[in-house]
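> One file: data.cif (mmCIF, C-alpha atoms and all ligand atoms).
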data_target
loop_
_atom_site.label_atom_id
_atom_site.label_comp_id
_atom_site.auth_asym_id
_atom_site.auth_seq_id
_atom_site.Cartn_x
_atom_site.Cartn_y
_atom_site.Cartn_z
CA MET A 24 -38.12 69.47 28.77
CA SER A 25 -39.63 72.43 30.57
CA PRO A 26 -42.72 73.81 28.86
CA ILE A 27 -43.96 77.26 29.84
CA ALA A 28 -47.51 78.51 29.38
CA TYR A 29 -48.14 82.26 29.49
CA ALA A 30 -51.54 83.92 29.70
CA THR A 31 -53.39 87.02 30.86
CA VAL A 32 -56.15 86.72 33.47
CA PRO A 33 -58.47 89.34 35.02
CA ARG A 34 -56.90 91.04 38.04
CA ILE A 35 -58.48 90.29 41.40
CA GLU A 36 -58.22 92.04 44.75
CA THR A 37 -55.39 89.86 46.07
CA ASP A 38 -53.20 90.62 43.04
CA ASP A 39 -51.02 93.38 44.42
CA ARG A 40 -48.11 95.11 42.69
CA TRP A 41 -45.67 92.28 43.42
CA ALA A 42 -44.63 89.50 41.08
CA LYS A 43 -45.07 86.19 42.92
CA TRP A 44 -43.59 82.78 42.35
CA TYR A 45 -45.02 79.60 43.86
CA THR A 46 -43.29 76.21 43.80
CA PRO A 47 -45.28 73.17 44.98
CA PRO A 48 -43.87 69.64 44.80
CA GLY A 49 -44.23 67.83 41.47
CA ARG A 50 -41.69 69.74 39.32
CA ARG A 51 -43.96 72.68 38.55
CA SER A 52 -44.29 76.34 39.38
CA ILE A 53 -46.80 79.15 39.03
CA SER A 54 -46.00 82.82 38.83
CA THR A 55 -48.21 85.88 38.63
CA ARG A 56 -47.27 89.46 37.96
CA PRO A 57 -49.30 92.62 37.46
CA ASP A 58 -49.10 94.26 34.04
CA PRO A 59 -49.63 97.96 33.27
CA TYR A 60 -53.02 97.25 31.65
CA GLY A 61 -55.06 96.35 34.73
CA THR A 62 -54.72 92.58 34.18
CA THR A 63 -52.43 89.91 35.62
CA ARG A 64 -49.91 87.83 33.67
CA VAL A 65 -49.55 84.23 34.73
CA CYS A 66 -46.88 81.76 33.92
CA LEU A 67 -47.07 77.98 34.44
CA ILE A 68 -43.87 75.97 34.16
CA PHE A 69 -43.42 72.23 34.56
CA VAL A 70 -40.83 69.58 33.79
CA THR A 71 -41.81 66.61 31.63
CA PRO A 72 -40.12 63.95 29.48
CA VAL A 73 -42.92 64.44 26.90
CA ASP A 74 -42.56 66.79 23.92
CA TYR A 75 -45.33 69.15 24.99
CA MET A 76 -45.01 71.42 21.99
CA GLN A 77 -45.93 68.56 19.61
CA HIS A 78 -49.48 68.64 20.97
CA SER A 79 -52.40 70.72 19.72
CA GLN A 80 -53.45 73.74 21.78
CA GLN A 81 -56.46 71.88 23.17
CA GLU A 82 -54.23 68.94 24.21
CA ARG A 83 -51.81 71.36 25.84
CA ILE A 84 -54.65 72.80 27.89
CA GLU A 85 -55.62 69.31 29.05
CA ILE A 86 -52.00 68.54 29.99
CA LEU A 87 -51.85 71.79 32.00
CA ARG A 88 -54.98 70.72 33.85
CA THR A 89 -53.40 67.38 34.75
CA GLN A 90 -50.03 68.88 35.68
CA PHE A 91 -51.41 71.62 37.94
CA ASN A 92 -54.38 69.79 39.38
CA GLY A 93 -54.24 70.15 43.17
CA ALA A 94 -51.09 72.29 43.03
CA GLY A 95 -52.53 74.81 45.50
CA TRP A 96 -52.23 78.60 45.72
CA GLU A 97 -53.59 80.21 42.51
CA ALA A 98 -53.73 76.93 40.54
CA GLU A 99 -57.50 76.49 40.72
CA ARG A 100 -58.16 80.11 39.73
CA ILE A 101 -55.96 79.78 36.65
CA LEU A 102 -57.11 76.28 35.65
CA SER A 103 -60.76 77.34 35.84
CA GLN A 104 -60.09 80.01 33.20
CA LEU A 105 -58.03 77.93 30.78
CA ASP A 106 -60.88 77.56 28.29
CA GLN A 107 -61.62 81.28 28.17
CA LEU A 108 -58.06 82.48 27.71
CA ASP A 109 -57.57 84.14 24.35
CA ASP A 110 -53.81 84.64 24.56
CA LEU A 111 -52.51 81.35 25.95
CA TYR A 112 -48.99 80.99 24.58
CA CYS A 113 -46.82 77.94 25.12
CA GLU A 114 -43.13 77.41 24.49
CA ASP A 115 -40.27 75.25 25.69
CA LEU A 116 -37.72 76.74 28.03
CA VAL A 117 -34.84 77.17 25.59
CA GLN A 118 -31.66 79.14 25.34
CA VAL A 119 -30.18 80.69 22.21
CA LYS A 120 -26.46 80.00 21.91
CA ALA A 121 -25.55 81.36 18.50
CA PRO A 122 -21.98 80.54 17.43
CA ARG A 123 -21.67 84.17 16.21
CA TYR A 124 -23.78 87.25 16.75
CA SER A 125 -23.09 88.83 13.39
CA SER A 126 -22.41 87.92 9.80
CA GLY A 127 -21.30 90.71 7.51
CA ARG A 128 -23.84 93.51 7.88
CA VAL A 129 -26.42 91.41 9.68
CA VAL A 130 -26.38 91.34 13.46
CA MET A 131 -28.48 89.56 16.07
CA ILE A 132 -29.05 91.31 19.36
CA GLY A 133 -30.78 90.67 22.66
CA ASP A 134 -32.65 87.37 22.99
CA ALA A 135 -32.20 86.61 19.29
CA ALA A 136 -28.45 86.29 19.90
CA ALA A 137 -28.24 85.07 23.45
CA SER A 138 -31.54 84.38 25.17
CA ALA A 139 -30.70 83.30 28.68
CA THR A 140 -34.29 82.06 29.47
CA PRO A 141 -37.05 83.67 31.52
CA ILE A 142 -36.02 81.81 34.67
CA SER A 143 -32.31 82.60 34.60
CA GLY A 144 -32.79 86.39 34.60
CA MET A 145 -30.06 88.59 33.07
CA GLY A 146 -31.97 88.94 29.77
CA THR A 147 -32.53 92.66 30.20
CA THR A 148 -28.90 93.02 31.30
CA LEU A 149 -27.96 91.95 27.78
CA ASP A 150 -30.02 94.84 26.41
CA HIS A 151 -28.65 96.89 23.54
CA GLN A 152 -30.60 100.16 23.72
CA VAL A 153 -27.80 102.04 25.51
CA ALA A 154 -25.34 100.77 22.91
CA PHE A 155 -27.61 102.07 20.11
CA GLU A 156 -27.78 105.54 21.66
CA ARG A 157 -24.00 105.66 22.05
CA TYR A 158 -23.51 104.42 18.48
CA GLU A 159 -25.69 107.26 17.21
CA ARG A 160 -23.88 109.84 19.35
CA ILE A 161 -20.55 108.86 17.77
CA MET A 162 -21.72 108.24 14.21
CA ARG A 163 -24.30 110.99 13.64
CA PRO A 164 -21.84 113.93 13.29
CA ILE A 165 -19.76 111.91 10.82
CA ALA A 166 -22.85 110.78 8.88
CA GLU A 167 -24.14 114.35 8.68
CA LYS A 168 -20.83 115.52 7.19
CA ALA A 169 -20.86 112.63 4.72
CA GLN A 170 -24.41 113.54 3.69
CA HIS A 171 -23.38 117.04 2.67
CA LEU A 172 -23.96 117.06 -1.11
CA PRO A 173 -24.11 120.42 -2.96
CA GLY A 174 -27.32 120.51 -4.99
CA PHE A 175 -25.57 121.04 -8.36
CA ILE A 176 -23.43 117.86 -8.15
CA PRO A 177 -26.01 115.32 -9.45
CA VAL A 178 -26.76 117.61 -12.43
CA ALA A 179 -23.09 118.41 -13.12
CA ALA A 180 -22.22 114.70 -13.02
CA HIS A 181 -24.88 113.94 -15.67
CA PRO A 182 -24.54 116.47 -18.49
CA ARG A 183 -27.37 116.96 -20.96
CA THR A 184 -25.33 117.80 -24.08
CA ARG A 185 -22.34 116.29 -25.90
CA TRP A 186 -20.32 119.38 -24.96
CA GLY A 187 -21.14 118.87 -21.32
CA VAL A 188 -20.05 115.24 -21.52
CA ALA A 189 -16.82 116.29 -23.23
CA ILE A 190 -16.07 118.81 -20.46
CA LEU A 191 -16.82 116.23 -17.76
CA ARG A 192 -14.54 113.69 -19.45
CA GLY A 193 -11.81 116.37 -19.82
CA LEU A 194 -12.00 117.12 -16.11
CA ALA A 195 -11.86 113.40 -15.32
CA ALA A 196 -8.80 113.07 -17.55
CA ILE A 197 -7.06 115.95 -15.75
CA VAL A 198 -7.81 114.44 -12.36
CA GLY A 199 -6.64 111.00 -13.55
CA THR A 200 -3.44 112.47 -14.92
CA LEU A 201 -2.68 114.38 -11.72
CA TRP A 202 -3.34 111.20 -9.75
CA ASN A 203 -0.80 109.28 -11.86
CA LEU A 204 1.77 112.05 -11.60
CA PRO A 205 3.48 112.48 -8.27
CA TYR A 206 0.63 114.78 -7.14
CA PRO A 207 -2.09 112.49 -5.80
CA GLN A 208 -2.24 114.62 -2.65
CA LEU A 209 -3.36 117.53 -4.83
CA VAL A 210 -6.39 115.50 -5.98
CA VAL A 211 -7.11 114.41 -2.44
CA ASP A 212 -6.97 118.04 -1.27
CA LEU A 213 -9.17 119.14 -4.17
CA PHE A 214 -11.96 116.65 -3.61
CA HIS A 215 -11.65 115.88 0.06
CA LYS A 216 -11.38 119.35 1.49
CA GLN A 217 -13.65 118.23 4.30
CA ASP A 218 -12.27 116.20 7.13
CA PHE A 219 -14.98 113.59 7.57
CA GLY A 220 -13.36 112.47 10.77
CA THR A 221 -13.52 108.82 9.75
CA ASP A 222 -9.85 108.38 10.63
CA ASN A 223 -10.53 109.74 14.07
CA ILE A 224 -13.56 107.73 15.15
CA LYS A 225 -12.83 107.02 18.75
CA VAL A 226 -14.22 103.66 19.79
CA PRO A 227 -14.84 103.86 23.54
CA GLU A 228 -12.68 101.82 25.85
CA TYR A 229 -14.78 99.56 28.04
CA ARG A 230 -12.32 98.64 30.74
CA GLU A 231 -14.75 96.20 32.34
CA LEU A 232 -14.61 94.09 29.16
CA HIS A 233 -10.82 93.77 29.15
CA GLY A 234 -10.96 90.54 31.14
CA VAL A 235 -13.52 89.08 28.73
CA TRP A 236 -11.43 89.91 25.69
CA ALA A 237 -8.26 88.62 27.30
CA SER A 238 -9.93 85.26 27.99
CA GLN A 239 -11.08 85.00 24.38
CA VAL A 240 -7.82 85.89 22.67
C1 LIG B 301 -41.79 85.63 31.90
C2 LIG B 301 -40.44 86.27 31.67
C3 LIG B 301 -39.76 86.79 32.76
C4 LIG B 301 -38.51 87.37 32.58
N1 LIG B 301 -37.87 87.90 33.66
C5 LIG B 301 -36.69 88.51 33.49
C6 LIG B 301 -36.04 89.12 34.61
O1 LIG B 301 -36.52 89.11 35.73
N2 LIG B 301 -34.85 89.74 34.39
C7 LIG B 301 -34.28 89.79 33.14
O2 LIG B 301 -33.23 90.38 33.00
N3 LIG B 301 -34.89 89.23 32.08
C8 LIG B 301 -36.07 88.60 32.22
N4 LIG B 301 -36.69 88.05 31.14
C9 LIG B 301 -35.99 88.09 29.86
C10 LIG B 301 -36.16 89.45 29.18
O3 LIG B 301 -37.53 89.79 29.14
C11 LIG B 301 -35.61 89.32 27.75
O4 LIG B 301 -34.27 88.85 27.81
C12 LIG B 301 -35.61 90.67 27.05
O5 LIG B 301 -36.92 91.19 27.03
C13 LIG B 301 -35.10 90.49 25.61
O6 LIG B 301 -35.21 91.70 24.93
P1 LIG B 301 -35.21 91.71 23.34
O7 LIG B 301 -35.35 93.15 22.96
O8 LIG B 301 -34.03 90.96 22.83
O9 LIG B 301 -36.46 90.86 22.89
P2 LIG B 301 -38.01 91.12 23.19
O10 LIG B 301 -38.22 91.91 24.44
O11 LIG B 301 -38.65 89.77 23.06
O12 LIG B 301 -38.43 92.05 21.98
C14 LIG B 301 -38.61 91.54 20.69
C15 LIG B 301 -39.68 92.41 20.01
O13 LIG B 301 -39.75 92.04 18.63
C16 LIG B 301 -41.11 91.98 18.27
N5 LIG B 301 -41.20 91.10 17.10
C17 LIG B 301 -41.07 89.75 17.05
N6 LIG B 301 -41.20 89.32 15.79
C18 LIG B 301 -41.41 90.41 15.02
C19 LIG B 301 -41.61 90.61 13.64
N7 LIG B 301 -41.61 89.60 12.79
N8 LIG B 301 -41.80 91.86 13.21
C20 LIG B 301 -41.77 92.91 14.06
N9 LIG B 301 -41.57 92.79 15.40
C21 LIG B 301 -41.40 91.56 15.86
C22 LIG B 301 -41.82 91.43 19.50
O14 LIG B 301 -43.19 91.74 19.49
C23 LIG B 301 -41.08 92.16 20.61
O15 LIG B 301 -41.66 93.42 20.90
C24 LIG B 301 -37.93 87.44 31.29
C25 LIG B 301 -38.64 86.92 30.19
C26 LIG B 301 -39.87 86.35 30.38
C27 LIG B 301 -40.61 85.81 29.18
#
Rewrite the structure from the file as structure tokens, please.

Amino acid sequence: MSPIAYATVPRIETDDRWAKWYTPPGRRSISTRPDPYGTTRVCLIFVTPVDYMQHSQQERIEILRTQFNGAGWEAERILSQLDQLDDLYCEDLVQVKAPRYSSGRVVMIGDAAASATPISGMGTTLDHQVAFERYERIMRPIAEKAQHLPGFIPVAAHPRTRWGVAILRGLAAIVGTLWNLPYPQLVVDLFHKQDFGTDNIKVPEYRELHGVWASQV
């Protein structure tokens, strides 16, 4: 198992704008990176056969002390602050390998679907924000047409009087009759004058994905 401990420490003079990664012997590493808030984010990773996450937070702190004792570089600075940290967060280095990314109308995206881990990189490459923008660009004009609802329709579809209901039912009967005669197109033309464009949604071709699809088919 590879536990990771994340925390924020005060920035000091030697913390420049670079993210740094230090690997001493002993199956452990320390990284620091500046954040946009004037502080420094640190990350301690080590490899252990023990289930680190089963321990209490105080026990985890003690294990970190033992693991990084004498590690060199920024170890002492970070260990000396372990008791004052108010955002120490620990997790195991895990990947998410979901058998499917979607089920019906529910979809998982980003790390929820396919977390690659903080140390493998590529997580932001699997980002979905560009896809969302493109989805909106294609779907918004169609959605706006579909949302066109003349104000009188809800009232007309729910008459107040018996006469109104009778008229509505008469109209429904006419439409139903036309539909069952050989004139269904007439009904379609009557009620679907607008071309919503749903038959013409053009899903973009992503040529770079052709190889991926071919290997999955
Ligand atoms: C230390 C570290 C270094 C990394 N380095 C790299 C790298 O160099 N290159 C790279 O490509 N990737 C890297 N990654 C991975 C990359 O950060 C992730 O893959 C990417 O951020 C995933 O984006 P996401 O939108 O799926 O999830 P996240 O960025 O995790 O976003 C999820 C959001 O959901 C919010 N949230 C969670 N629960 C709830 C809730 N119940 N209600 C409302 N909001 C909620 C969270 O606060 C968060 O803002 C690194 C990750 C870490 C931790």
> Return as AutoDock Vina command-line options the centre and edge lengths, in Å with one decimal, of the box along x, y and z that encloses every atom of ligand LIG 301 (chain B) in the file, padded by 4 Å per side.

--center_x -38.2 --center_y 89.5 --center_z 24.3 --size_x 18.0 --size_y 15.8 --size_z 30.9
> Chain A near ligand LIG 301 (chain B) within 6 Å: what's each residue's closest atom pair and its distance in Å to one decimal, counting all atoms listed in the file, ordered by chain then ascending residue number, as JSON lines?

{"residue": "A:Gly133", "atom": "CA", "partner": "B:LIG301", "partner_atom": "O8", "distance": 3.3}
{"residue": "A:Asp134", "atom": "CA", "partner": "B:LIG301", "partner_atom": "O8", "distance": 3.8}
{"residue": "A:Ala135", "atom": "CA", "partner": "B:LIG301", "partner_atom": "O8", "distance": 5.9}
{"residue": "A:Ser138", "atom": "CA", "partner": "B:LIG301", "partner_atom": "O4", "distance": 5.9}
{"residue": "A:Pro141", "atom": "CA", "partner": "B:LIG301", "partner_atom": "C25", "distance": 3.9}
{"residue": "A:Gly144", "atom": "CA", "partner": "B:LIG301", "partner_atom": "N2", "distance": 3.9}
{"residue": "A:Met145", "atom": "CA", "partner": "B:LIG301", "partner_atom": "O2", "distance": 3.6}
{"residue": "A:Gly146", "atom": "CA", "partner": "B:LIG301", "partner_atom": "O4", "distance": 3.0}
{"residue": "A:Thr147", "atom": "CA", "partner": "B:LIG301", "partner_atom": "O2", "distance": 3.7}
{"residue": "A:Thr148", "atom": "CA", "partner": "B:LIG301", "partner_atom": "O2", "distance": 5.3}
> Can I get the selected residues back with C-alpha atoms, as an mmCIF file, keeping the file's coordinate frame?

data_model
loop_
_atom_site.group_PDB
_atom_site.id
_atom_site.type_symbol
_atom_site.label_atom_id
_atom_site.label_comp_id
_atom_site.auth_asym_id
_atom_site.auth_seq_id
_atom_site.Cartn_x
_atom_site.Cartn_y
_atom_site.Cartn_z
ATOM 1 C CA GLY A 133 -30.780 90.670 22.660
ATOM 2 C CA ASP A 134 -32.650 87.370 22.990
ATOM 3 C CA ALA A 135 -32.200 86.610 19.290
ATOM 4 C CA SER A 138 -31.540 84.380 25.170
ATOM 5 C CA PRO A 141 -37.050 83.670 31.520
ATOM 6 C CA GLY A 144 -32.790 86.390 34.600
ATOM 7 C CA MET A 145 -30.060 88.590 33.070
ATOM 8 C CA GLY A 146 -31.970 88.940 29.770
ATOM 9 C CA THR A 147 -32.530 92.660 30.200
ATOM 10 C CA THR A 148 -28.900 93.020 31.300
#
> Which residue gives the smallest distance to Ile132 of chain A among A:Trp186, A:Phe155, A:Trp44, A:Trp202, with all atoms listed in the file counted?
A:Phe155
> Using all atoms listed in the file, determine which residues lie at most 12 Å from Pro59 of chain A, disregarding the query and same-chain residues fewer than 4 positions distant; provide the list as a list in words.
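Listing them by chain and then by number gives Thr31, Arg34, Arg40, Thr63 and Arg64 of chain A.
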> Please identify all polymer residues within 10 Å of Gly95 of chain A, counting all atoms listed in the file, omitting same-chain residues fewer than 2 positions from it, and present them as a VMD selection string.
chain A and resid 45 to 47 53 91 to 93 97 to 100
> So, counting all atoms listed in the file, which residue among A:Thr140, A:Thr37, A:Thr89, A:Ser25 is closest to Val70 of chain A?
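Nearest to Val70 of chain A: A:Ser25.
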> I'd like to know which of A:Tyr60, A:Tyr158, A:Trp41, A:Tyr29 is closest to Asp109 of chain A, using only C-alpha atoms.
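Smallest distance to Asp109 of chain A is found for A:Tyr29.
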> To one decimal in Å, tell me the separation between atom CA of Glu36 of chain A and atom CA of Ile68 of chain A.
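So the answer is 24.0 Å.
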> Restricting the calculation to all atoms listed in the file, which member of A:Met76, A:Asp38, A:Ala154, A:Arg160 is positioned closest to Asp58 of chain A?
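Looking at the shortest contact to Asp58 of chain A, the residue is A:Asp38.
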> Give me, please, the distance in Å between atom CA of Ala94 of chain A and atom CA of Ile35 of chain A, quoted to one decimal.
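Interatomic distance here is 19.5 Å.
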> Provide the atom CA of Phe69 of chain A to atom CA of Gln118 of chain A distance in Å, to one decimal place.
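Separating atom CA of Phe69 of chain A from atom CA of Gln118 of chain A is a distance of 16.5 Å.
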